[in-house]
$ cat run-v5.cif   # mmCIF, C-alpha atoms
data_upload
#
loop_
_atom_site.label_atom_id
_atom_site.label_comp_id
_atom_site.auth_asym_id
_atom_site.auth_seq_id
_atom_site.Cartn_x
_atom_site.Cartn_y
_atom_site.Cartn_z
CA MET A 7 63.55 -93.30 123.60
CA ARG A 8 62.00 -94.68 120.46
CA ARG A 9 59.59 -97.47 121.18
CA PRO A 10 59.46 -100.61 119.07
CA ALA A 11 56.49 -100.73 116.78
CA ALA A 12 55.40 -104.10 118.09
CA ALA A 13 55.35 -102.88 121.66
CA VAL A 14 53.37 -99.80 120.74
CA ALA A 15 50.88 -101.89 118.84
CA TRP A 16 50.49 -104.26 121.76
CA ARG A 17 50.00 -101.40 124.16
CA CYS A 18 47.48 -99.71 121.93
CA ALA A 19 45.53 -102.91 121.75
CA LEU A 20 44.99 -102.85 125.48
CA PRO A 21 41.60 -101.69 126.65
CA SER A 22 41.39 -98.22 128.12
CA LEU A 23 40.16 -99.25 131.50
CA VAL A 24 39.78 -95.77 132.89
CA THR A 25 36.68 -95.02 130.86
CA LEU A 26 34.99 -98.38 131.27
CA HIS A 27 32.12 -99.43 133.50
CA PRO A 28 33.41 -101.42 136.53
CA ASP A 29 32.10 -104.69 135.14
CA ALA A 30 33.72 -104.00 131.80
CA GLN A 31 36.88 -102.99 133.63
CA SER A 32 36.99 -106.36 135.33
CA ALA A 33 36.50 -108.18 132.05
CA ALA A 34 39.13 -106.09 130.32
CA LEU A 35 41.56 -106.58 133.17
CA GLU A 36 41.02 -110.31 133.02
CA ALA A 37 41.84 -110.17 129.33
CA VAL A 38 45.08 -108.37 130.14
CA VAL A 39 45.93 -110.98 132.75
CA ALA A 40 45.15 -113.77 130.30
CA ASP A 41 47.33 -112.17 127.64
CA PHE A 42 50.18 -111.78 130.07
CA ALA A 43 49.77 -115.36 131.27
CA ASP A 44 49.98 -116.54 127.67
CA MET A 45 53.20 -114.63 127.17
CA VAL A 46 54.69 -116.13 130.31
CA ARG A 47 53.57 -119.61 129.25
CA ARG A 48 55.14 -119.28 125.83
CA VAL A 49 58.52 -118.65 127.35
CA ALA A 50 57.99 -121.04 130.24
CA TRP A 51 57.02 -123.78 127.88
CA ARG A 52 60.28 -123.43 126.05
CA HIS A 53 62.02 -123.65 129.39
CA ARG A 54 60.21 -126.95 129.88
CA LEU A 55 58.42 -125.58 132.88
CA VAL A 56 55.12 -127.15 133.78
CA ASP A 57 52.03 -125.03 133.37
CA ALA A 58 51.21 -125.50 137.03
CA ASP A 59 54.02 -123.15 138.03
CA VAL A 60 52.75 -120.39 135.77
CA ASP A 61 49.14 -121.05 136.73
CA GLU A 62 49.98 -120.72 140.40
CA VAL A 63 51.56 -117.33 139.84
CA MET A 64 48.78 -116.04 137.62
CA GLN A 65 46.13 -117.18 140.06
CA GLU A 66 47.90 -115.19 142.74
CA VAL A 67 47.97 -112.22 140.38
CA ARG A 68 44.23 -112.46 139.85
CA ILE A 69 43.60 -112.53 143.58
CA ARG A 70 45.77 -109.47 144.13
CA LEU A 71 44.18 -107.54 141.31
CA TRP A 72 40.75 -108.46 142.53
CA ARG A 73 41.62 -107.14 145.96
CA SER A 74 43.11 -103.92 144.62
CA HIS A 75 40.84 -103.11 141.74
CA GLY A 76 37.78 -101.02 142.38
CA THR A 77 38.81 -100.07 145.87
CA GLY A 78 39.12 -96.42 145.02
CA ARG A 79 42.73 -96.38 146.05
CA ALA A 80 45.57 -94.98 144.03
CA GLU A 81 46.54 -98.53 143.22
CA SER A 82 43.25 -99.06 141.48
CA GLU A 83 43.88 -96.01 139.35
CA GLN A 84 47.31 -97.35 138.52
CA ILE A 85 45.82 -100.62 137.36
CA ALA A 86 43.36 -98.83 135.16
CA ARG A 87 45.95 -96.61 133.54
CA ALA A 88 48.69 -99.14 132.92
CA PRO A 89 47.13 -102.58 133.30
CA ALA A 90 49.82 -104.58 131.52
CA SER A 91 52.68 -103.03 133.45
CA TYR A 92 50.80 -103.48 136.66
CA VAL A 93 50.08 -107.11 135.90
CA TYR A 94 53.75 -107.68 135.16
CA ARG A 95 54.91 -106.12 138.41
CA THR A 96 52.24 -107.96 140.33
CA ALA A 97 53.35 -111.22 138.74
CA VAL A 98 56.93 -110.66 139.85
CA SER A 99 55.80 -109.88 143.38
CA ALA A 100 53.47 -112.89 143.44
CA ALA A 101 56.19 -115.19 142.15
CA LEU A 102 58.60 -114.05 144.82
CA ASP A 103 56.01 -114.69 147.50
CA ILE A 104 55.29 -118.14 146.10
CA LEU A 105 58.97 -119.01 146.08
CA ARG A 106 59.29 -117.82 149.67
CA ARG A 107 56.36 -120.02 150.66
CA ARG A 108 57.96 -122.98 148.93
CA ARG A 109 61.13 -122.49 150.89
CA THR A 110 59.21 -122.44 154.11
CA GLN A 111 57.37 -125.61 153.13
CA ARG A 112 60.60 -127.34 152.19
CA ALA A 113 62.12 -126.40 155.51
CA ARG A 114 59.16 -127.91 157.32
CA ALA A 115 59.04 -131.04 155.21
CA THR A 116 59.86 -134.25 157.01
CA VAL A 117 61.66 -137.21 155.59
CA PRO A 118 59.12 -139.55 153.95
CA LEU A 119 58.92 -143.14 155.11
CA LEU A 120 58.86 -144.31 151.55
CA ASP A 121 61.29 -142.78 149.13
CA ASP A 122 59.29 -142.18 145.99
CA ASP A 123 61.50 -139.39 144.82
CA THR A 124 61.44 -139.49 141.04
CA THR A 125 64.78 -137.78 140.86
CA ALA A 126 66.44 -140.58 142.75
CA PRO A 127 69.50 -142.25 141.22
CA LEU A 128 69.10 -143.07 137.60
CA HIS A 129 68.97 -146.70 136.66
CA HIS A 130 69.47 -147.53 133.06
CA GLU A 131 67.96 -150.57 131.48
CA GLY A 132 70.41 -153.31 130.86
CA ARG A 133 73.01 -151.80 133.17
CA GLY A 134 74.15 -154.15 135.87
CA PRO A 135 74.90 -153.30 139.48
CA ASP A 136 78.63 -153.10 138.79
CA ALA A 137 78.12 -150.53 136.06
CA GLU A 138 75.70 -148.62 138.28
CA LEU A 139 78.23 -148.55 141.05
CA GLU A 140 80.95 -147.42 138.70
CA ALA A 141 78.74 -144.65 137.34
CA SER A 142 77.86 -143.51 140.84
CA GLU A 143 81.50 -143.36 141.82
CA LEU A 144 82.36 -141.50 138.67
CA ALA A 145 79.56 -139.04 139.30
CA ALA A 146 80.87 -138.45 142.79
CA GLN A 147 84.33 -137.79 141.37
CA VAL A 148 82.85 -135.33 138.89
CA ALA A 149 80.94 -133.56 141.65
CA ARG A 150 84.08 -133.23 143.74
CA ALA A 151 86.12 -132.07 140.77
CA ILE A 152 83.57 -129.39 139.90
CA GLU A 153 83.84 -127.99 143.40
CA THR A 154 87.55 -127.37 142.85
CA ILE A 155 86.99 -125.16 139.81
CA PRO A 156 87.54 -121.46 140.62
CA ALA A 157 84.30 -119.73 141.57
CA SER A 158 84.52 -117.35 138.63
CA ARG A 159 84.39 -120.25 136.16
CA ARG A 160 82.34 -122.87 137.95
CA PRO A 161 78.81 -121.57 137.21
CA ALA A 162 79.58 -121.44 133.49
CA VAL A 163 80.79 -125.03 133.61
CA ARG A 164 77.68 -126.08 135.50
CA MET A 165 75.45 -124.41 132.92
CA TYR A 166 77.35 -126.05 130.10
CA LEU A 167 77.11 -129.47 131.71
CA ALA A 168 73.40 -128.90 132.30
CA GLY A 169 72.99 -128.38 128.57
CA TYR A 170 72.77 -124.62 128.33
CA PRO A 171 74.26 -123.14 125.18
CA ARG A 172 77.13 -120.69 125.47
CA GLU A 173 74.98 -117.79 124.25
CA GLU A 174 72.62 -118.37 127.10
CA ILE A 175 75.37 -118.28 129.67
CA ALA A 176 76.53 -114.99 128.17
CA ALA A 177 73.02 -113.55 128.15
CA LEU A 178 72.28 -114.50 131.73
CA MET A 179 75.52 -113.12 133.11
CA GLY A 180 75.82 -110.17 130.75
CA TRP A 181 79.18 -111.36 129.47
CA THR A 182 80.63 -110.88 126.07
CA GLU A 183 80.97 -113.93 123.91
CA GLY A 184 84.74 -113.82 124.33
CA LYS A 185 84.59 -113.68 128.09
CA THR A 186 82.07 -116.49 128.21
CA ARG A 187 84.14 -118.68 125.93
CA ASN A 188 87.26 -117.95 127.92
CA LEU A 189 85.70 -118.75 131.30
CA LEU A 190 84.00 -121.84 129.99
CA TYR A 191 87.04 -123.28 128.26
CA ARG A 192 89.26 -122.60 131.22
CA GLY A 193 86.72 -124.06 133.59
CA LEU A 194 86.35 -127.17 131.50
CA ALA A 195 90.12 -127.46 131.27
CA ASP A 196 90.27 -127.25 135.07
CA LEU A 197 87.69 -129.98 135.33
CA ARG A 198 89.45 -132.26 132.87
CA GLU A 199 92.73 -131.70 134.63
CA ARG A 200 91.26 -132.68 137.99
CA LEU A 201 89.64 -135.76 136.54
CA THR A 202 92.79 -136.73 134.67
CA GLU A 203 94.68 -136.50 137.94
CA GLN A 204 92.21 -139.04 139.28
CA GLY A 205 93.03 -141.42 136.46
CA ILE A 206 90.12 -140.65 134.17
CA ALA A 207 91.21 -140.66 130.56
CA TRP A 208 89.70 -138.42 127.89
CA GLU A 209 88.74 -139.57 124.43
CA GLY A 210 88.84 -136.07 123.10
CA THR A 211 88.75 -132.50 124.23
CA THR A 212 86.81 -129.54 122.95
CA MET B 12 85.54 -139.86 129.08
CA THR B 13 83.73 -137.59 126.65
CA ASP B 14 81.76 -134.39 127.12
CA GLU B 15 78.54 -136.31 126.62
CA ARG B 16 79.49 -138.78 129.30
CA LEU B 17 80.48 -135.91 131.53
CA ARG B 18 77.04 -134.36 131.10
CA ASP B 19 75.37 -137.65 131.94
CA LEU B 20 77.44 -137.90 135.07
CA TYR B 21 76.64 -134.32 135.98
CA GLU B 22 72.92 -135.02 135.71
CA ARG B 23 73.51 -137.99 137.95
CA THR B 24 75.24 -135.82 140.52
CA LEU B 25 72.18 -133.58 140.63
CA ALA B 26 69.84 -136.52 140.95
CA THR B 27 71.81 -138.18 143.71
CA ARG B 28 72.86 -135.17 145.71
CA ASP B 29 71.82 -134.66 149.29
CA ARG B 30 68.65 -132.71 148.62
CA ASP B 31 68.16 -131.59 152.17
CA ALA B 32 71.68 -130.22 152.36
CA ALA B 33 71.30 -128.55 148.98
CA ARG B 34 68.00 -126.96 149.96
CA ALA B 35 69.55 -125.53 153.06
CA ARG B 36 71.71 -123.45 150.76
CA CYS B 37 68.95 -122.50 148.31
CA ALA B 38 69.22 -119.03 146.87
CA SER B 39 66.65 -116.54 148.08
CA PRO B 40 63.94 -115.53 145.60
CA GLU B 41 65.32 -112.01 145.69
CA ALA B 42 68.79 -113.25 144.81
CA MET B 43 67.41 -115.19 141.86
CA LEU B 44 65.48 -112.16 140.66
CA ALA B 45 68.65 -110.11 140.96
CA LEU B 46 70.42 -112.72 138.86
CA VAL B 47 67.75 -112.53 136.17
CA ARG B 48 67.86 -108.74 136.22
CA ARG B 49 71.63 -108.62 136.52
CA GLU B 50 71.48 -106.59 139.66
CA GLY B 51 74.21 -106.65 142.27
CA THR B 52 77.84 -107.50 141.83
CA GLU B 53 79.01 -110.19 139.48
CA GLU B 54 80.45 -112.05 142.42
CA GLU B 55 77.06 -112.20 144.08
CA ARG B 56 75.35 -113.30 140.90
CA LEU B 57 77.97 -115.99 140.29
CA GLU B 58 77.42 -117.34 143.76
CA THR B 59 73.68 -117.48 143.19
CA LEU B 60 74.07 -119.07 139.79
CA ASP B 61 76.49 -121.65 141.13
CA HIS B 62 73.89 -122.92 143.53
CA VAL B 63 70.95 -122.58 141.15
CA MET B 64 72.68 -124.72 138.54
CA ALA B 65 73.36 -127.39 141.13
CA CYS B 66 69.80 -127.48 142.48
CA ASP B 67 66.82 -128.70 140.47
CA ASP B 68 64.35 -126.79 142.61
CA CYS B 69 66.16 -123.50 142.22
CA ARG B 70 66.77 -124.02 138.52
CA ARG B 71 63.06 -124.48 137.92
CA GLU B 72 62.28 -121.40 139.97
CA LEU B 73 64.84 -119.36 138.12
CA ASP B 74 63.24 -120.37 134.84
CA LEU B 75 59.87 -119.27 136.20
CA LEU B 76 61.22 -115.84 137.09
CA ARG B 77 62.92 -115.57 133.73
CA SER B 78 59.67 -116.38 131.98
CA ILE B 79 57.84 -113.65 133.87
CA GLU B 80 60.61 -111.17 133.19
CA ALA B 81 60.53 -112.03 129.50
CA ALA B 82 56.80 -111.45 129.36
CA GLY B 83 57.25 -108.21 131.30
CA ALA B 84 59.84 -107.12 128.82
CA GLN B 85 57.38 -107.66 126.02
CA VAL B 86 54.84 -105.59 127.89
CA GLU B 87 57.29 -102.78 128.39
CA GLY B 88 58.72 -103.23 124.93
CA ALA B 89 61.87 -101.33 125.63
CA ARG B 90 64.20 -103.21 123.33
CA PRO B 91 65.32 -101.13 120.36
CA ALA B 92 63.36 -102.56 117.48
CA ASP B 93 66.13 -102.32 114.96
CA GLU B 94 68.79 -104.07 117.01
CA PRO B 95 69.30 -107.84 116.78
CA ILE B 96 68.38 -109.54 120.01
CA ALA B 97 71.55 -111.56 120.24
CA LEU B 98 73.78 -108.51 119.84
CA TRP B 99 71.65 -106.38 122.01
CA SER B 100 71.71 -108.84 124.85
CA ARG B 101 75.43 -108.94 125.35
CA GLY B 102 77.58 -106.91 127.64
CA ARG B 103 75.57 -103.74 127.79
CA ARG B 104 75.47 -103.06 131.47
CA THR B 105 76.86 -104.19 134.74
CA ALA B 106 75.24 -102.69 137.77
CA SER B 107 72.02 -101.97 139.59
CA PRO B 108 69.64 -100.43 137.12
CA SER B 109 66.02 -99.75 137.81
CA TRP B 110 63.62 -102.44 136.66
CA ARG B 111 62.64 -100.43 133.63
CA ARG B 112 66.21 -100.31 132.43
CA VAL B 113 66.71 -103.98 133.14
CA VAL B 114 63.74 -105.11 131.18
CA PRO B 115 65.41 -104.96 127.77
CA PHE B 116 68.19 -107.18 128.95
CA ALA B 117 65.79 -109.56 130.51
CA LEU B 118 63.96 -109.68 127.22
CA ALA B 119 67.10 -110.26 125.26
CA ALA B 120 68.34 -112.86 127.65
CA SER B 121 65.03 -114.55 127.84
CA LEU B 122 64.43 -114.62 124.14
CA VAL B 123 67.82 -116.12 123.61
CA LEU B 124 67.11 -118.40 126.53
CA ALA B 125 63.67 -119.15 125.30
CA VAL B 126 65.18 -121.07 122.50
CA GLY B 127 68.38 -121.88 124.26
CA VAL B 128 66.90 -123.35 127.38
CA GLY B 129 63.97 -124.94 125.74
CA VAL B 130 65.89 -126.64 123.08
CA ARG B 131 69.03 -127.37 125.07
CA ASP B 132 70.88 -127.41 121.86
CA ARG B 133 74.27 -126.39 123.22
CA LEU B 134 74.47 -123.94 120.45
CA GLY B 135 78.06 -123.40 119.51
CA ALA B 136 79.24 -124.97 122.68
CA PRO B 137 82.35 -127.02 122.91
CA GLY B 138 81.74 -130.49 121.70
CA ALA B 139 78.58 -129.51 119.92
CA ASP B 140 79.04 -131.95 117.10
CA SER B 141 77.09 -134.57 118.89
CA ALA B 142 74.97 -132.19 120.86
CA ASP B 143 71.49 -132.80 119.54
CA VAL B 144 70.07 -134.37 122.62
CA THR B 145 68.56 -132.14 125.23
CA ARG B 146 68.00 -132.34 128.94
CA GLY B 147 65.00 -134.45 129.66
CA GLU B 148 64.95 -136.00 126.23
CA GLY B 149 64.18 -139.40 127.63
CA GLY B 150 60.45 -138.73 127.38
CA ALA B 151 60.55 -136.36 124.46
CA LEU B 152 58.64 -136.64 121.25
CA ALA B 153 60.75 -138.85 118.98
CA LEU B 154 62.15 -137.42 115.78
CA LEU B 155 62.85 -139.64 112.80
CA THR B 156 64.21 -137.60 109.93
CA PRO B 157 66.27 -135.66 108.92
CA ALA B 158 68.97 -137.26 111.00
CA ALA B 159 70.80 -135.24 113.62
CA ALA B 160 73.10 -132.66 112.07
CA ALA B 161 72.00 -133.71 108.59
CA TYR B 162 73.08 -131.72 105.57
CA VAL B 163 70.40 -130.70 103.07
CA ASP B 164 70.68 -128.93 99.76
CA ALA B 165 69.90 -125.24 99.75
CA GLY B 166 66.47 -124.51 98.35
CA ALA B 167 65.48 -128.16 98.10
CA PRO B 168 62.37 -129.47 99.83
CA VAL B 169 63.09 -131.15 103.17
CA THR B 170 60.99 -133.97 104.56
CA PHE B 171 60.61 -134.04 108.33
CA ALA B 172 59.15 -137.01 110.17
CA TRP B 173 58.56 -137.97 113.78
CA ARG B 174 56.74 -140.61 115.75
CA PRO B 175 53.06 -140.08 116.57
CA GLU B 176 52.11 -138.94 120.03
CA PRO B 177 49.05 -140.34 121.84
CA GLY B 178 46.21 -137.87 121.72
CA ALA B 179 48.01 -135.42 119.47
CA ARG B 180 45.79 -133.78 116.89
CA ARG B 181 48.25 -131.35 115.45
CA TYR B 182 51.99 -130.80 115.50
CA LEU B 183 54.06 -127.67 115.04
CA LEU B 184 57.43 -127.83 113.33
CA GLU B 185 59.80 -124.93 113.89
CA VAL B 186 63.16 -124.18 112.30
CA LEU B 187 65.28 -121.75 114.30
CA ASP B 188 68.34 -119.73 113.45
CA ALA B 189 71.43 -119.30 115.61
CA GLN B 190 69.80 -116.46 117.54
CA GLY B 191 66.80 -118.60 118.33
CA ASN B 192 64.45 -116.80 115.97
CA VAL B 193 61.85 -118.93 114.26
CA VAL B 194 62.74 -118.92 110.58
CA LEU B 195 60.19 -121.43 109.35
CA SER B 196 57.12 -122.71 111.09
CA GLU B 197 54.42 -125.02 109.86
CA SER B 198 51.77 -127.11 111.51
CA THR B 199 50.30 -130.40 110.41
CA ALA B 200 47.98 -133.12 111.64
CA ASP B 201 50.32 -135.70 110.11
CA THR B 202 53.63 -136.95 111.41
CA THR B 203 55.47 -136.03 108.27
CA LEU B 204 55.85 -132.63 106.76
CA VAL B 205 57.59 -131.52 103.60
CA LEU B 206 58.97 -128.01 103.84
CA ARG B 207 59.17 -126.57 100.37
CA ASP B 208 59.79 -122.96 101.30
CA THR B 209 63.40 -123.59 102.22
CA GLY B 210 64.76 -120.73 100.15
CA ARG B 211 64.80 -118.73 103.38
CA LEU B 212 67.44 -121.04 104.79
CA ALA B 213 70.80 -119.59 103.92
CA PRO B 214 73.38 -121.86 102.30
CA GLY B 215 76.29 -122.77 104.53
CA THR B 216 74.25 -122.02 107.63
CA GLU B 217 73.29 -124.20 110.52
CA TYR B 218 69.77 -124.21 111.94
CA ARG B 219 67.89 -126.09 114.63
CA TRP B 220 64.53 -127.76 114.30
CA TRP B 221 62.08 -129.34 116.65
CA VAL B 222 58.48 -130.48 116.84
CA ARG B 223 55.93 -129.84 119.53
CA LEU B 224 52.27 -130.55 120.03
CA ALA B 225 50.00 -127.82 118.75
CA ALA B 226 46.70 -129.49 119.68
CA GLY B 227 45.66 -132.56 121.63
CA GLY B 228 47.78 -134.60 123.95
CA ASP B 229 50.11 -133.19 126.53
CA PRO B 230 50.86 -129.58 125.59
CA GLN B 231 54.23 -129.90 127.31
CA ARG B 232 55.36 -132.55 124.90
CA ALA B 233 58.10 -131.55 122.54
CA SER B 234 60.96 -133.16 120.77
CA ALA B 235 64.60 -132.61 121.38
CA VAL B 236 66.29 -130.27 119.00
CA ARG B 237 68.21 -131.39 115.98
CA ARG B 238 70.66 -129.47 113.94
CA LEU B 239 70.01 -128.99 110.29
CA ARG B 240 72.83 -127.84 108.06
CA ILE B 241 72.32 -126.23 104.69
CA ARG B 242 75.00 -127.10 102.17
CA SER B 243 77.03 -124.29 100.72
CA GLN B 244 76.20 -123.73 97.08
#
$ encode --input "run-v5.cif" --output "structure tokens"
Amino acid sequence: MRRPAAAVAWRCALPSLVTLHPDAQSAALEAVVADFADMVRRVAWRHRLVDADVDEVMQEVRIRLWRSHGTGRAESEQIARAPASYVYRTAVSAALDILRRRRTQRARATVPLLDDDTTAPLHHEGRGPDAELEASELAAQVARAIETIPASRRPAVRMYLAGYPREEIAALMGWTEGKTRNLLYRGLADLRERLTEQGIAWEGTT
Amino acid sequence: MTDERLRDLYERTLATRDRDAARARCASPEAMLALVRREGTEEERLETLDHVMACDDCRRELDLLRSIEAAGAQVEGARPADEPIALWSRGRRTASPSWRRVVPFALAASLVLAVGVGVRDRLGAPGADSADVTRGEGGALALLTPAAAAYVDAGAPVTFAWRPEPGARRYLLEVLDAQGNVVLSESTADTTLVLRDTGRLAPGTEYRWWVRLAAGGDPQRASAVRRLRIRSQ
């Protein structure tokens, strides 16, 4: 397979760890980790992720590399020969472990005495209690209506409502543009139909 | 009811849902990774995605995995260099590849997503005419001009302006094409910027633009995305 020029250039720019003194190896490896972390951050930032998430993963990566590197094991050799690939795979593994830990912590979490949840119901300035109540009821209707959409279409509708562009839905699911458009439009039609049945009028359809 | 109102209500459903009940159904990390890598059956991935999109915690975690996969894809560099990302990302495979074979798709998806998710521009989505506001815009850096979905003359200088951000020392303005590629990029310490090199913006084409902090202040701060339309000549 022909490799993209940019990838080759990036790879060539990596230090050849095999021939380096152990101290230099550590420094070079840290540079590789830092480069990789920057790449993750660039994408993560566009996803509006907070740096803390990425930092937590990369810190875990550093710990794992530190434990593995220089131990004389085959793993150490692997790090030296393909540091960037190894960092990537380590990052995936570290992220999975972190997510598992978070699930465990969530499961153990108790209900706080004071609800300071920042994602609690939205209150808009200038909106009175009646309007808030109406919005809450409408939201509940929407939630129920979404649940009635066929499972094959519902995730696309959720992504659309969450603000994801159609291309992104297609990319994530590996769908063609036509399939994505079809599922999305049908799913939205389902949703509108359900809501219309509940007496909610539409100003316009897409 | 409009699509915009529907989106607002959907956000409200996420904010007011029973978090404990939702967490009890959270997708496993492995399932989310499989979703990112397009491993497993479509039915399984749809089920995972359905929950992820209804759960703020899982959505954030999915984005983290996608970011790592995107960086990994850059490391592996397996995407054919001469193939457009947007084309390359669509409909190429369906089942259980090794991670090396998945990487290109993760890259393609993530690069499209990188712009798509970040900017929340609802690119080409139904009802996109008024779709310049993104998720979480409430605290976003405020744009002033050009107005949302403004038309500008091809080749003519365009003046961009936004409100100052506390602590910001430098801003970065980016203009993106439909595939999410950065077409024009310029940084400034000011809160206005005149782009004169607009000859690279094709007449009759729609672009997106946004501003983010390049130095000083909160590095997470960014504006929403606005559409910018180039008049046909």
$ closest_residue --input "run-v5.cif" --among "A:Val39, A:Ala162, A:Ile69, A:Val98" --to "Ala84 in chain B" --atoms "only C-alpha atoms"
A:Val98
$ residues_around --input "run-v5.cif" --residues "Ala160 in chain B" --least-positions-apart "3" --cutoff "7 Å" --atoms "only C-alpha atoms" --output "PDB file with C-alpha atoms, in the frame of the given file"
ATOM      1  CA  ARG B 237      68.210-131.390 115.980  1.00  0.00           C
ATOM      2  CA  ARG B 238      70.660-129.470 113.940  1.00  0.00           C
ATOM      3  CA  LEU B 239      70.010-128.990 110.290  1.00  0.00           C
ATOM      4  CA  ARG B 240      72.830-127.840 108.060  1.00  0.00           C
TER       5      ARG B 240
END
$ resolve_selection --input "run-v5.cif" --expression "the PyMOL selection byres ((chain B and resi 176-190) around 8)" --output "count of residues only"
32
$ residues_around --input "run-v5.cif" --residues "range 188-191 of chain A" --least-positions-apart "5" --cutoff "10 Å" --atoms "all atoms listed in the file" --output "PDB file with C-alpha atoms, in the coordinates of the input"
ATOM      1  CA  PRO A 156      87.540-121.460 140.620  1.00  0.00           C
ATOM      2  CA  SER A 158      84.520-117.350 138.630  1.00  0.00           C
ATOM      3  CA  ARG A 159      84.390-120.250 136.160  1.00  0.00           C
ATOM      4  CA  ARG A 160      82.340-122.870 137.950  1.00  0.00           C
ATOM      5  CA  PRO A 161      78.810-121.570 137.210  1.00  0.00           C
ATOM      6  CA  ALA A 162      79.580-121.440 133.490  1.00  0.00           C
ATOM      7  CA  VAL A 163      80.790-125.030 133.610  1.00  0.00           C
ATOM      8  CA  ARG A 164      77.680-126.080 135.500  1.00  0.00           C
ATOM      9  CA  MET A 165      75.450-124.410 132.920  1.00  0.00           C
ATOM     10  CA  TYR A 166      77.350-126.050 130.100  1.00  0.00           C
ATOM     11  CA  ARG A 172      77.130-120.690 125.470  1.00  0.00           C
ATOM     12  CA  ILE A 175      75.370-118.280 129.670  1.00  0.00           C
ATOM     13  CA  THR A 182      80.630-110.880 126.070  1.00  0.00           C
ATOM     14  CA  GLU A 183      80.970-113.930 123.910  1.00  0.00           C
ATOM     15  CA  ASP A 196      90.270-127.250 135.070  1.00  0.00           C
ATOM     16  CA  LEU A 197      87.690-129.980 135.330  1.00  0.00           C
ATOM     17  CA  THR A 212      86.810-129.540 122.950  1.00  0.00           C
TER      18      THR A 212
ATOM     19  CA  ALA B 136      79.240-124.970 122.680  1.00  0.00           C
ATOM     20  CA  PRO B 137      82.350-127.020 122.910  1.00  0.00           C
TER      21      PRO B 137
END
$ atom_distance --input "run-v5.cif" --atom1 "CA of Gln147 in chain A" --atom2 "CA of Leu201 in chain A"
7.5 Å
$ atom_distance --input "run-v5.cif" --atom1 "CA of Glu203 in chain A" --atom2 "CA of Tyr170 in chain A"
26.7 Å
$ resolve_selection --input "run-v5.cif" --expression "the PyMOL selection byres ((chain A and resi 209) around 7)" --output "PyMOL selection string"
(chain A and resi 207-208+210) or (chain B and resi 12-13)
$ residues_near_point --input "run-v5.cif" --point "(55.9, -133.3, 107.8)" --cutoff "6 Å" --atoms "all atoms listed in the file" --output "VMD selection string"
chain B and resid 171 to 172 202 to 205
$ resolve_selection --input "run-v5.cif" --expression "the PyMOL selection byres ((chain A and resi 63) around 8)" --output "list of chain:residue names"
A:Asp59, A:Val60, A:Asp61, A:Glu62, A:Met64, A:Gln65, A:Glu66, A:Val67, A:Ala97, A:Ala100, A:Ala101, A:Ile104
$ atom_distance --input "run-v5.cif" --atom1 "CA of Leu17 in chain B" --atom2 "CA of Leu76 in chain B"
28.4 Å
$ closest_residue --input "run-v5.cif" --among "B:Val169, B:Leu60, B:Ile241, B:Ala213" --to "chain A" --atoms "only C-alpha atoms"
B:Leu60
$ closest_residue --input "run-v5.cif" --among "B:Gly83, B:Pro214, B:Pro168, B:Gly51" --to "chain A" --atoms "all atoms listed in the file"
B:Gly83
$ decode --input "run-v5.cif" --residues "range 39-48 of chain B" --atoms "N, CA and C atoms" --output "mmCIF file, in the first residue's frame"
data_model
loop_
_atom_site.group_PDB
_atom_site.id
_atom_site.type_symbol
_atom_site.label_atom_id
_atom_site.label_comp_id
_atom_site.auth_asym_id
_atom_site.auth_seq_id
_atom_site.Cartn_x
_atom_site.Cartn_y
_atom_site.Cartn_z
ATOM 1 N N SER B 39 -20.781 0.129 27.250
ATOM 2 C CA SER B 39 -19.462 -0.235 27.760
ATOM 3 C C SER B 39 -18.399 0.493 26.939
ATOM 4 N N PRO B 40 -17.237 0.735 27.526
ATOM 5 C CA PRO B 40 -16.156 1.365 26.756
ATOM 6 C C PRO B 40 -15.826 0.585 25.488
ATOM 7 N N GLU B 41 -15.884 -0.731 25.596
ATOM 8 C CA GLU B 41 -15.564 -1.560 24.428
ATOM 9 C C GLU B 41 -16.600 -1.356 23.315
ATOM 10 N N ALA B 42 -17.856 -1.227 23.732
ATOM 11 C CA ALA B 42 -18.911 -1.007 22.732
ATOM 12 C C ALA B 42 -18.723 0.345 22.044
ATOM 13 N N MET B 43 -18.307 1.342 22.816
ATOM 14 C CA MET B 43 -18.097 2.660 22.206
ATOM 15 C C MET B 43 -16.902 2.637 21.262
ATOM 16 N N LEU B 44 -15.863 1.896 21.658
ATOM 17 C CA LEU B 44 -14.710 1.790 20.760
ATOM 18 C C LEU B 44 -15.103 1.057 19.477
ATOM 19 N N ALA B 45 -15.929 0.034 19.642
ATOM 20 C CA ALA B 45 -16.402 -0.697 18.460
ATOM 21 C C ALA B 45 -17.212 0.221 17.548
ATOM 22 N N LEU B 46 -17.972 1.115 18.152
ATOM 23 C CA LEU B 46 -18.746 2.076 17.365
ATOM 24 C C LEU B 46 -17.807 2.993 16.574
ATOM 25 N N VAL B 47 -16.799 3.493 17.250
ATOM 26 C CA VAL B 47 -15.839 4.388 16.590
ATOM 27 C C VAL B 47 -15.118 3.660 15.458
ATOM 28 N N ARG B 48 -14.799 2.406 15.704
ATOM 29 C CA ARG B 48 -14.040 1.632 14.714
ATOM 30 C C ARG B 48 -14.938 0.895 13.720
#
